[in-house]
Every structure is written in C-alpha cells, then in structure tokens.
file my_file-v4.json (JSON, C-alpha atoms)
[["chain", "number", "residue", "atom", "x", "y", "z"],
["A", 1, "VAL", "CA", -26.56, 3.10, -14.27],
["A", 2, "LYS", "CA", -23.90, 3.08, -11.53],
["A", 3, "ILE", "CA", -24.81, 6.64, -10.55],
["A", 4, "HIS", "CA", -28.55, 5.93, -10.54],
["A", 5, "ASN", "CA", -28.08, 2.78, -8.48],
["A", 6, "GLN", "CA", -26.08, 4.77, -5.92],
["A", 7, "TYR", "CA", -28.47, 7.71, -5.47],
["A", 8, "GLY", "CA", -31.85, 6.63, -6.89],
["A", 9, "ASN", "CA", -34.40, 9.45, -6.62],
["A", 10, "LYS", "CA", -31.83, 11.72, -4.92],
["A", 11, "LEU", "CA", -29.71, 11.85, -8.07],
["A", 12, "LYS", "CA", -31.02, 15.23, -9.27],
["A", 13, "ASP", "CA", -30.42, 16.82, -5.86],
["A", 14, "VAL", "CA", -26.83, 15.48, -5.75],
["A", 15, "LEU", "CA", -26.05, 16.74, -9.26],
["A", 16, "GLU", "CA", -27.48, 20.19, -8.56],
["A", 17, "SER", "CA", -25.90, 20.66, -5.12],
["A", 18, "ASN", "CA", -22.57, 18.78, -5.21],
["A", 19, "PRO", "CA", -21.62, 16.75, -8.31],
["A", 20, "TYR", "CA", -18.19, 16.15, -6.74],
["A", 21, "LYS", "CA", -19.84, 13.64, -4.41],
["A", 22, "LEU", "CA", -19.86, 11.27, -7.40],
["A", 23, "ALA", "CA", -16.05, 11.05, -7.32],
["A", 24, "GLU", "CA", -16.15, 10.31, -3.60],
["A", 25, "ASP", "CA", -18.91, 7.70, -3.66],
["A", 26, "ILE", "CA", -18.62, 5.84, -6.96],
["A", 27, "SER", "CA", -15.73, 3.68, -8.15],
["A", 28, "GLY", "CA", -14.73, 4.55, -11.71],
["A", 29, "ILE", "CA", -15.84, 8.19, -11.54],
["A", 30, "GLY", "CA", -12.88, 10.44, -10.86],
["A", 31, "PHE", "CA", -12.51, 14.11, -10.06],
["A", 32, "LYS", "CA", -12.15, 15.19, -13.69],
["A", 33, "THR", "CA", -15.42, 13.55, -14.73],
["A", 34, "ALA", "CA", -17.22, 15.08, -11.74],
["A", 35, "ASP", "CA", -15.63, 18.46, -12.51],
["A", 36, "GLU", "CA", -16.88, 18.35, -16.08],
["A", 37, "ILE", "CA", -20.42, 17.58, -14.86],
["A", 38, "ALA", "CA", -20.16, 20.40, -12.29],
["A", 39, "MET", "CA", -19.08, 22.94, -14.91],
["A", 40, "ARG", "CA", -22.08, 22.01, -17.06],
["A", 41, "MET", "CA", -24.35, 22.33, -14.02],
["A", 42, "GLY", "CA", -23.06, 25.85, -13.44],
["A", 43, "ILE", "CA", -21.15, 25.16, -10.21],
["A", 44, "ALA", "CA", -18.74, 28.07, -9.50],
["A", 45, "SER", "CA", -15.05, 27.42, -10.17],
["A", 46, "ASN", "CA", -14.19, 28.53, -6.62],
["A", 47, "SER", "CA", -16.95, 26.44, -5.02],
["A", 48, "ASP", "CA", -15.98, 24.91, -1.68],
["A", 49, "TYR", "CA", -17.13, 21.51, -2.98],
["A", 50, "ARG", "CA", -14.82, 21.85, -5.98],
["A", 51, "ILE", "CA", -11.81, 22.89, -3.94],
["A", 52, "CYS", "CA", -12.30, 20.13, -1.35],
["A", 53, "SER", "CA", -12.68, 17.56, -4.10],
["A", 54, "GLY", "CA", -9.57, 18.91, -5.86],
["A", 55, "ILE", "CA", -7.51, 18.61, -2.67],
["A", 56, "LEU", "CA", -8.60, 15.00, -2.15],
["A", 57, "TYR", "CA", -7.96, 14.25, -5.82],
["A", 58, "MET", "CA", -4.36, 15.54, -5.64],
["A", 59, "LEU", "CA", -3.69, 13.51, -2.46],
["A", 60, "GLY", "CA", -5.12, 10.45, -4.21],
["A", 61, "GLU", "CA", -2.88, 11.06, -7.24],
["A", 62, "ALA", "CA", 0.12, 11.36, -4.92],
["A", 63, "GLY", "CA", -0.88, 8.01, -3.37],
["A", 64, "ALA", "CA", -0.99, 6.40, -6.82],
["A", 65, "ASN", "CA", 2.61, 7.60, -7.28],
["A", 66, "GLY", "CA", 3.73, 6.05, -3.99],
["A", 67, "HIS", "CA", 3.43, 9.03, -1.62],
["A", 68, "THR", "CA", 1.38, 8.66, 1.56],
["A", 69, "TYR", "CA", 1.32, 12.47, 1.99],
["A", 70, "LEU", "CA", 2.23, 15.74, 0.29],
["A", 71, "PRO", "CA", 4.10, 18.66, 1.90],
["A", 72, "MET", "CA", 1.51, 21.40, 2.38],
["A", 73, "GLU", "CA", 3.21, 23.93, 0.08],
["A", 74, "LYS", "CA", 3.50, 21.34, -2.71],
["A", 75, "LEU", "CA", -0.17, 20.47, -2.25],
["A", 76, "PHE", "CA", -1.11, 24.16, -2.57],
["A", 77, "GLN", "CA", 0.89, 24.46, -5.79],
["A", 78, "LYS", "CA", -0.70, 21.37, -7.31],
["A", 79, "VAL", "CA", -4.25, 22.37, -6.38],
["A", 80, "MET", "CA", -3.77, 25.97, -7.60],
["A", 81, "SER", "CA", -2.45, 24.62, -10.91],
["A", 82, "LEU", "CA", -5.36, 22.17, -11.22],
["A", 83, "LEU", "CA", -8.24, 24.45, -10.20],
["A", 84, "HIS", "CA", -6.90, 27.97, -10.88],
["A", 85, "VAL", "CA", -8.04, 29.23, -7.49],
["A", 86, "ASN", "CA", -6.20, 31.29, -4.87],
["A", 87, "LYS", "CA", -4.24, 29.93, -1.93],
["A", 88, "GLU", "CA", -6.53, 31.45, 0.71],
["A", 89, "ASP", "CA", -9.53, 29.48, -0.57],
["A", 90, "ILE", "CA", -7.47, 26.27, -0.52],
["A", 91, "GLU", "CA", -6.27, 26.91, 3.05],
["A", 92, "LYS", "CA", -9.83, 27.47, 4.29],
["A", 93, "ASN", "CA", -11.13, 24.30, 2.66],
["A", 94, "LEU", "CA", -8.13, 22.26, 3.80],
["A", 95, "LEU", "CA", -8.94, 23.16, 7.41],
["A", 96, "ASP", "CA", -12.60, 22.19, 6.81],
["A", 97, "LEU", "CA", -11.46, 18.81, 5.46],
["A", 98, "ALA", "CA", -9.25, 18.31, 8.53],
["A", 99, "MET", "CA", -12.16, 19.18, 10.87],
["A", 100, "ASN", "CA", -14.37, 16.69, 8.99],
["A", 101, "LYS", "CA", -11.63, 14.02, 9.29],
["A", 102, "LYS", "CA", -11.11, 13.73, 5.53],
["A", 103, "VAL", "CA", -7.43, 14.71, 5.79],
["A", 104, "MET", "CA", -4.77, 14.70, 8.51],
["A", 105, "ILE", "CA", -2.34, 17.61, 8.88],
["A", 106, "LYS", "CA", 0.87, 16.64, 10.71],
["A", 107, "GLN", "CA", 4.07, 18.50, 11.52],
["A", 108, "LEU", "CA", 7.04, 16.34, 10.44],
["A", 109, "ASP", "CA", 10.36, 17.94, 11.45],
["A", 110, "THR", "CA", 10.71, 20.95, 9.12],
["A", 111, "ARG", "CA", 7.66, 20.32, 6.94],
["A", 112, "THR", "CA", 3.91, 20.21, 7.33],
["A", 113, "ALA", "CA", 2.48, 17.04, 5.81],
["A", 114, "VAL", "CA", -1.07, 16.60, 4.51],
["A", 115, "TYR", "CA", -2.38, 13.03, 4.35],
["A", 116, "SER", "CA", -5.66, 11.75, 3.00],
["A", 117, "ILE", "CA", -7.18, 10.13, 6.06],
["A", 118, "GLN", "CA", -7.14, 6.56, 4.69],
["A", 119, "PHE", "CA", -3.41, 6.76, 3.82],
["A", 120, "TYR", "CA", -2.65, 8.20, 7.25],
["A", 121, "TYR", "CA", -4.32, 5.32, 9.08],
["A", 122, "MET", "CA", -2.88, 2.76, 6.67],
["A", 123, "GLU", "CA", 0.63, 4.07, 7.34],
["A", 124, "ILE", "CA", 0.06, 3.78, 11.10],
["A", 125, "ALA", "CA", -1.37, 0.26, 10.70],
["A", 126, "VAL", "CA", 1.60, -0.86, 8.56],
["A", 127, "ALA", "CA", 4.14, 0.60, 10.99],
["A", 128, "LYS", "CA", 2.37, -0.98, 13.97],
["A", 129, "LYS", "CA", 2.19, -4.42, 12.34],
["A", 130, "LEU", "CA", 5.86, -4.29, 11.26],
["A", 131, "MET", "CA", 6.84, -3.38, 14.82],
["A", 132, "GLU", "CA", 4.80, -6.29, 16.18],
["A", 133, "LEU", "CA", 6.48, -8.70, 13.77],
["A", 134, "ALA", "CA", 9.93, -7.26, 14.55],
["A", 135, "GLN", "CA", 9.46, -7.94, 18.27],
["A", 136, "TYR", "CA", 8.79, -11.64, 17.68],
["A", 137, "THR", "CA", 11.76, -13.98, 18.17],
["A", 138, "GLU", "CA", 11.96, -17.76, 18.44],
["A", 139, "ASP", "CA", 14.50, -19.82, 20.35],
["A", 140, "LEU", "CA", 15.05, -22.88, 18.15],
["A", 141, "GLY", "CA", 16.93, -24.78, 20.83],
["A", 142, "TYR", "CA", 19.64, -25.89, 18.41],
["A", 143, "ASP", "CA", 22.58, -24.46, 16.44],
["A", 144, "LEU", "CA", 21.76, -23.55, 12.86],
["A", 145, "ASP", "CA", 25.35, -23.89, 11.64],
["A", 146, "ASP", "CA", 24.95, -27.63, 10.97],
["A", 147, "HIS", "CA", 21.78, -27.00, 8.96],
["A", 148, "ILE", "CA", 23.55, -24.32, 6.92],
["A", 149, "LYS", "CA", 26.47, -26.68, 6.20],
["A", 150, "LEU", "CA", 23.99, -29.28, 4.91],
["A", 151, "ILE", "CA", 22.49, -26.67, 2.56],
["A", 152, "GLU", "CA", 25.95, -25.66, 1.29],
["A", 153, "VAL", "CA", 26.85, -29.30, 0.58],
["A", 154, "SER", "CA", 23.54, -30.21, -1.07],
["A", 155, "GLU", "CA", 23.47, -27.06, -3.22],
["A", 156, "GLY", "CA", 27.21, -26.97, -3.97],
["A", 157, "ILE", "CA", 27.59, -23.39, -2.73],
["A", 158, "GLN", "CA", 29.69, -21.44, -0.23],
["A", 159, "LEU", "CA", 27.76, -18.84, 1.74],
["A", 160, "ASP", "CA", 29.51, -15.83, 3.24],
["A", 161, "GLU", "CA", 28.99, -14.74, 6.86],
["A", 162, "ARG", "CA", 26.27, -12.20, 6.06],
["A", 163, "GLN", "CA", 24.30, -14.76, 4.07],
["A", 164, "LYS", "CA", 24.54, -17.23, 6.95],
["A", 165, "LEU", "CA", 23.43, -14.51, 9.36],
["A", 166, "ALA", "CA", 20.43, -13.76, 7.12],
["A", 167, "ILE", "CA", 19.35, -17.42, 7.21],
["A", 168, "LYS", "CA", 19.67, -17.48, 11.01],
["A", 169, "GLU", "CA", 17.67, -14.26, 11.33],
["A", 170, "ALA", "CA", 14.97, -15.58, 8.98],
["A", 171, "ALA", "CA", 14.68, -18.75, 11.09],
["A", 172, "THR", "CA", 14.32, -16.92, 14.41],
["A", 173, "SER", "CA", 12.68, -13.56, 13.60],
["A", 174, "GLY", "CA", 9.13, -12.47, 12.86],
["A", 175, "ILE", "CA", 10.28, -10.35, 9.93],
["A", 176, "LEU", "CA", 13.45, -9.94, 7.89],
["A", 177, "ILE", "CA", 14.38, -7.54, 5.08],
["A", 178, "VAL", "CA", 17.01, -8.72, 2.60],
["A", 179, "THR", "CA", 18.39, -5.86, 0.52],
["A", 180, "GLY", "CA", 21.35, -5.22, -1.75],
["A", 181, "GLY", "CA", 22.31, -4.31, -5.30],
["A", 182, "PRO", "CA", 22.44, -6.70, -8.28],
["A", 183, "GLY", "CA", 24.95, -9.52, -7.88],
["A", 184, "THR", "CA", 25.21, -9.28, -4.09],
["A", 185, "GLY", "CA", 23.78, -12.77, -3.52],
["A", 186, "LYS", "CA", 20.16, -12.03, -2.59],
["A", 187, "THR", "CA", 18.75, -14.88, -4.71],
["A", 188, "THR", "CA", 21.24, -17.40, -3.31],
["A", 189, "THR", "CA", 20.36, -16.24, 0.20],
["A", 190, "ILE", "CA", 16.62, -16.57, -0.41],
["A", 191, "ASN", "CA", 17.06, -20.01, -2.00],
["A", 192, "SER", "CA", 19.10, -21.15, 1.00],
["A", 193, "MET", "CA", 16.38, -19.90, 3.34],
["A", 194, "ILE", "CA", 13.80, -21.86, 1.35],
["A", 195, "LYS", "CA", 15.95, -25.01, 1.63],
["A", 196, "TYR", "CA", 16.14, -24.54, 5.41],
["A", 197, "PHE", "CA", 12.37, -24.04, 5.74],
["A", 198, "GLU", "CA", 11.80, -27.11, 3.56],
["A", 199, "GLN", "CA", 14.07, -29.15, 5.86],
["A", 200, "GLU", "CA", 11.87, -28.08, 8.77],
["A", 201, "GLY", "CA", 8.71, -29.16, 6.93],
["A", 202, "MET", "CA", 7.30, -25.64, 6.81],
["A", 203, "GLU", "CA", 4.70, -24.45, 4.30],
["A", 204, "ILE", "CA", 6.27, -21.68, 2.21],
["A", 205, "THR", "CA", 4.41, -18.99, 0.25],
["A", 206, "LEU", "CA", 6.18, -16.86, -2.36],
["A", 207, "ALA", "CA", 4.66, -13.71, -3.85],
["A", 208, "ALA", "CA", 5.54, -10.48, -5.65],
["A", 209, "PRO", "CA", 3.66, -7.27, -6.50],
["A", 210, "THR", "CA", 3.43, -7.92, -10.27],
["A", 211, "GLY", "CA", 2.98, -10.92, -12.53],
["A", 212, "ARG", "CA", 6.36, -10.34, -14.16],
["A", 213, "ALA", "CA", 8.13, -10.17, -10.79],
["A", 214, "ALA", "CA", 6.32, -13.34, -9.65],
["A", 215, "LYS", "CA", 7.44, -15.14, -12.81],
["A", 216, "ARG", "CA", 11.07, -14.06, -12.24],
["A", 217, "MET", "CA", 10.83, -15.22, -8.64],
["A", 218, "SER", "CA", 9.56, -18.65, -9.73],
["A", 219, "GLU", "CA", 12.41, -18.97, -12.24],
["A", 220, "ALA", "CA", 15.04, -17.90, -9.69],
["A", 221, "THR", "CA", 13.84, -20.16, -6.86],
["A", 222, "GLY", "CA", 12.24, -23.08, -8.69],
["A", 223, "TYR", "CA", 9.32, -22.56, -6.32],
["A", 224, "GLN", "CA", 5.83, -21.49, -7.41],
["A", 225, "ALA", "CA", 5.28, -17.75, -6.84],
["A", 226, "GLN", "CA", 2.15, -15.66, -7.37],
["A", 227, "THR", "CA", 1.09, -12.02, -7.25],
["A", 228, "ILE", "CA", 0.20, -10.55, -3.86],
["A", 229, "HIS", "CA", -3.26, -9.74, -5.25],
["A", 230, "ARG", "CA", -3.80, -13.40, -6.06],
["A", 231, "LEU", "CA", -2.36, -14.51, -2.72],
["A", 232, "LEU", "CA", -4.85, -12.28, -0.90],
["A", 233, "GLU", "CA", -7.66, -13.35, -3.27],
["A", 234, "ILE", "CA", -8.70, -9.97, -4.65],
["A", 235, "THR", "CA", -12.41, -9.46, -5.16],
["A", 236, "GLY", "CA", -12.33, -5.80, -6.29],
["A", 237, "ASN", "CA", -10.84, -4.10, -9.33],
["A", 238, "ILE", "CA", -7.04, -4.43, -9.51],
["A", 239, "GLU", "CA", -6.88, -1.16, -11.49],
["A", 240, "ASP", "CA", -8.61, 0.74, -8.69],
["A", 241, "SER", "CA", -5.75, 2.55, -6.95],
["A", 242, "SER", "CA", -7.97, 3.74, -4.12],
["A", 243, "ALA", "CA", -8.62, 1.85, -0.92],
["A", 244, "ARG", "CA", -11.67, 0.26, -2.58],
["A", 245, "MET", "CA", -9.85, -2.98, -3.37],
["A", 246, "HIS", "CA", -11.23, -5.90, -1.38],
["A", 247, "PHE", "CA", -9.46, -9.12, -0.49],
["A", 248, "SER", "CA", -10.93, -12.39, 0.77],
["A", 249, "ARG", "CA", -7.79, -12.95, 2.86],
["A", 250, "ASN", "CA", -7.70, -10.64, 5.90],
["A", 251, "GLU", "CA", -7.60, -10.69, 9.72],
["A", 252, "GLU", "CA", -10.54, -13.11, 9.90],
["A", 253, "ASN", "CA", -9.32, -15.29, 7.02],
["A", 254, "PRO", "CA", -5.50, -15.18, 7.03],
["A", 255, "VAL", "CA", -3.13, -16.65, 4.45],
["A", 256, "GLU", "CA", -2.26, -20.21, 5.40],
["A", 257, "GLY", "CA", 1.40, -21.12, 5.73],
["A", 258, "ASP", "CA", 4.41, -20.79, 7.99],
["A", 259, "VAL", "CA", 6.66, -18.54, 5.90],
["A", 260, "VAL", "CA", 5.78, -15.74, 3.48],
["A", 261, "ILE", "CA", 8.52, -14.42, 1.19],
["A", 262, "ILE", "CA", 7.79, -11.26, -0.83],
["A", 263, "ASP", "CA", 10.08, -10.18, -3.67],
["A", 264, "GLU", "CA", 10.42, -6.60, -5.04],
["A", 265, "THR", "CA", 8.85, -5.18, -1.87],
["A", 266, "SER", "CA", 9.87, -1.63, -2.80],
["A", 267, "MET", "CA", 7.20, -1.81, -5.52],
["A", 268, "VAL", "CA", 4.40, -2.50, -3.00],
["A", 269, "ASP", "CA", 2.23, 0.56, -2.28],
["A", 270, "ILE", "CA", 0.69, 1.42, 1.09],
["A", 271, "VAL", "CA", -2.75, -0.01, 0.22],
["A", 272, "LEU", "CA", -1.36, -3.41, -0.79],
["A", 273, "MET", "CA", 1.16, -3.53, 2.08],
["A", 274, "ASN", "CA", -1.60, -2.80, 4.58],
["A", 275, "ALA", "CA", -3.76, -5.59, 3.11],
["A", 276, "LEU", "CA", -0.80, -8.02, 3.08],
["A", 277, "LEU", "CA", 0.11, -7.38, 6.71],
["A", 278, "LYS", "CA", -3.51, -7.78, 7.78]]

call {"tool": "encode", "arguments": {"input": "my_file-v4.json", "output": "structure tokens"}}
result
Amino acid sequence: VKIHNQYGNKLKDVLESNPYKLAEDISGIGFKTADEIAMRMGIASNSDYRICSGILYMLGEAGANGHTYLPMEKLFQKVMSLLHVNKEDIEKNLLDLAMNKKVMIKQLDTRTAVYSIQFYYMEIAVAKKLMELAQYTEDLGYDLDDHIKLIEVSEGIQLDERQKLAIKEAATSGILIVTGGPGTGKTTTINSMIKYFEQEGMEITLAAPTGRAAKRMSEATGYQAQTIHRLLEITGNIEDSSARMHFSRNEENPVEGDVVIIDETSMVDIVLMNALLK
C-alpha cells in the first residue's frame, strides 16, 4: 500500500526501470528489500542503479553506527563485499553520485572521505551552531564566588577549583562541555549548576538520548529529565535512523527555557544533534 500510494500508476515503470528507487523514496523499505525485488525483476547485478543504491546504503549503515563518513577505500571494500562487483564500476558510480549531489567527496589530511550528502550538511550545521554558541558570553556584573559558597553551605559539599570554574563557565557561556571518568565529580558539578540556575529563577530543561539515561539523570539530580526525542516532540518514527525523523520543535518553534542540560552526549548521533541544536 505504501509503495502504491507513493507511485500510483507509475509503479510498474519504477519497478521495471529502477526498483532501488523504493529504498530512496519510501520509509521502511531498505536496500536489501529493493535488491531482492530487483533480482526478481531481472535487473543486472552490475547495474548502475544497484551500485549507486549499494553505495548510499553502506553510507547510511555507517551513519547508523555513528560515522558521518567512510574513508573511500573502506567504502569500496564494503560495497564490493555487499554487491560482488568490481572497484572500477564502484568508482564510476561514486563520481556520478557526487555529480548528482547525492554524496560529497572530501580530502581530509591523509584520507579521502565520502559522506552521504545529508550527513555532510548536518555535520556542517552542527559545527556552525556549536561555534555560534561558543562565541556567546555574558557579563553577569557580579562575582559568582558568593553564590557558589551559598550552594556549598546549603548542599553540605566542598567543590574543588575545577568544579567552581565549571559553574562560572556555565553561568557566562553559551555552551559548556563537562567531561571526565566515573567518580570525578560530574554529577556534583551538574547539581551545583542546577542550584545556581534555580537561584537565578531560570527555567531548566534536562534531557538524555535514551529513556534509561534520562531516568538515571532524574535520579542523580532530583530534577525531571526526559529523552531528547520527547523534548523535541518527535512526530516521525524513532526507529528510523535516516534523516526522515521529524520534530515539532525546530527553528520556528524552539524549546522553551533558559538552560538545557544534556547527559550522555557522546551517545547522540549527528541526526539528533542537528535537530537538538536547531
């Protein structure tokens, strides 16, 4: 039904000419399903359509595993293994994909990187937005040391100099990354930041990439946390690892609040990070 709704009377033509278009156009139909249909339709194993679709499929799989690109030689190996075609055919079709703006080929130091076009532009957008946030600073007009002492007294804790610095940076910067191994005081630092923002009457939003991480965050802070998907009000399929996820919260309808704290950020993929920063 999905396929028929997409193509209507053109369905037969699509299936006979390029069944791989199904994987490109329809959510829920992947390369392997399209490949099976193509084999039954008698499409040649070294068809340009098949090779192009296989290249895009491998870049998509890499994205699902957290990679925004693949080194060209690794991409060749993966596509040859998947399709059992020769390297020359892959090279030709890769250049066609680049000319049609389906992939981006970039020289990165000693390696040639191949991006699917949506991951390439998402990476640029994420980097640009992080740089914009990093350039923002606020002059509070008062010394934070007294506020930090109040937090230490009320919470019965003693913060070290790096923890105090983190609170000051959080109060005056557009973005702050808190990192460190287990037992290095990250949770205490975050909780102290929350206490400071509460003192200032700010609206605080806590989120994490998974339900389990959000639950742990709530337990550690005593503050209600939610998944990033829920924060952004997802309207698509959460299992869809492509860029087809849609969120109600975006540039036109931003998340309300003064402070956003995200836990387990290393688990956030490029698609979700791009949506969050928007």

call {"tool": "closest_residue", "arguments": {"input": "my_file-v4.json", "among": "A:Leu82, A:Leu231, A:Glu169, A:Asp263", "to": "Lys215 of chain A", "atoms": "all atoms listed in the file"}}
result
A:Asp263

call {"tool": "residues_around", "arguments": {"input": "my_file-v4.json", "residues": "Glu36 of chain A", "least_positions_apart": "4", "cutoff": "12 Å", "atoms": "only C-alpha atoms", "output": "JSON, numbers by chain"}}
result
{"A": [15, 19, 20, 22, 23, 29, 30, 31, 32, 40, 41, 42, 43, 44, 45, 50]}

call {"tool": "closest_atom_pairs", "arguments": {"input": "my_file-v4.json", "of": "segment 80-183 of chain A", "to": "segment 267-270 of chain A", "cutoff": "8 Å", "atoms": "all atoms listed in the file", "output": "JSON lines"}}
result
{"residue": "A:Phe119", "atom": "CA", "partner": "A:Ile270", "partner_atom": "CA", "distance": 7.3}
{"residue": "A:Met122", "atom": "CA", "partner": "A:Ile270", "partner_atom": "CA", "distance": 6.8}
{"residue": "A:Glu123", "atom": "CA", "partner": "A:Ile270", "partner_atom": "CA", "distance": 6.8}
{"residue": "A:Val126", "atom": "CA", "partner": "A:Ile270", "partner_atom": "CA", "distance": 7.9}

call {"tool": "residues_near_point", "arguments": {"input": "my_file-v4.json", "point": "(-3.6, -7.1, 4.6)", "cutoff": "12 Å", "atoms": "all atoms listed in the file", "output": "MDAnalysis selection string"}}
result
chainID A and resid 122 125:126 129:130 228:229 231:234 243 245:255 268:278

call {"tool": "residues_around", "arguments": {"input": "my_file-v4.json", "residues": "Asp25 of chain A", "least_positions_apart": "6", "cutoff": "10 Å", "atoms": "all atoms listed in the file", "output": "PyMOL selection string"}}
result
chain A and resi 3+6-7

call {"tool": "atom_distance", "arguments": {"input": "my_file-v4.json", "atom1": "atom CA of Val259 of chain A", "atom2": "atom CA of Ala170 of chain A"}}
result
9.3 Å

call {"tool": "residues_near_point", "arguments": {"input": "my_file-v4.json", "point": "(2.2, -20.8, 1.4)", "cutoff": "7 Å", "atoms": "all atoms listed in the file", "output": "ChimeraX atom specification"}}
result
/A:203-206,256-260

call {"tool": "residues_around", "arguments": {"input": "my_file-v4.json", "residues": "Ser116 of chain A", "least_positions_apart": "2", "cutoff": "9 Å", "atoms": "only C-alpha atoms", "output": "JSON, numbers by chain"}}
result
{"A": [56, 59, 60, 63, 68, 69, 101, 102, 103, 104, 105, 114, 118, 119, 120, 121]}

call {"tool": "closest_residue", "arguments": {"input": "my_file-v4.json", "among": "A:Ala171, A:Leu70, A:Glu219, A:Asp145", "to": "Arg111 of chain A", "atoms": "only C-alpha atoms"}}
result
A:Leu70

call {"tool": "atom_distance", "arguments": {"input": "my_file-v4.json", "atom1": "atom CA of Leu108 of chain A", "atom2": "atom CA of Asn86 of chain A"}}
result
25.2 Å

call {"tool": "residues_around", "arguments": {"input": "my_file-v4.json", "residues": "Lys92 of chain A", "least_positions_apart": "6", "cutoff": "10 Å", "atoms": "all atoms listed in the file", "output": "list of chain:residue names"}}
result
A:Asp48, A:Ile51, A:Cys52
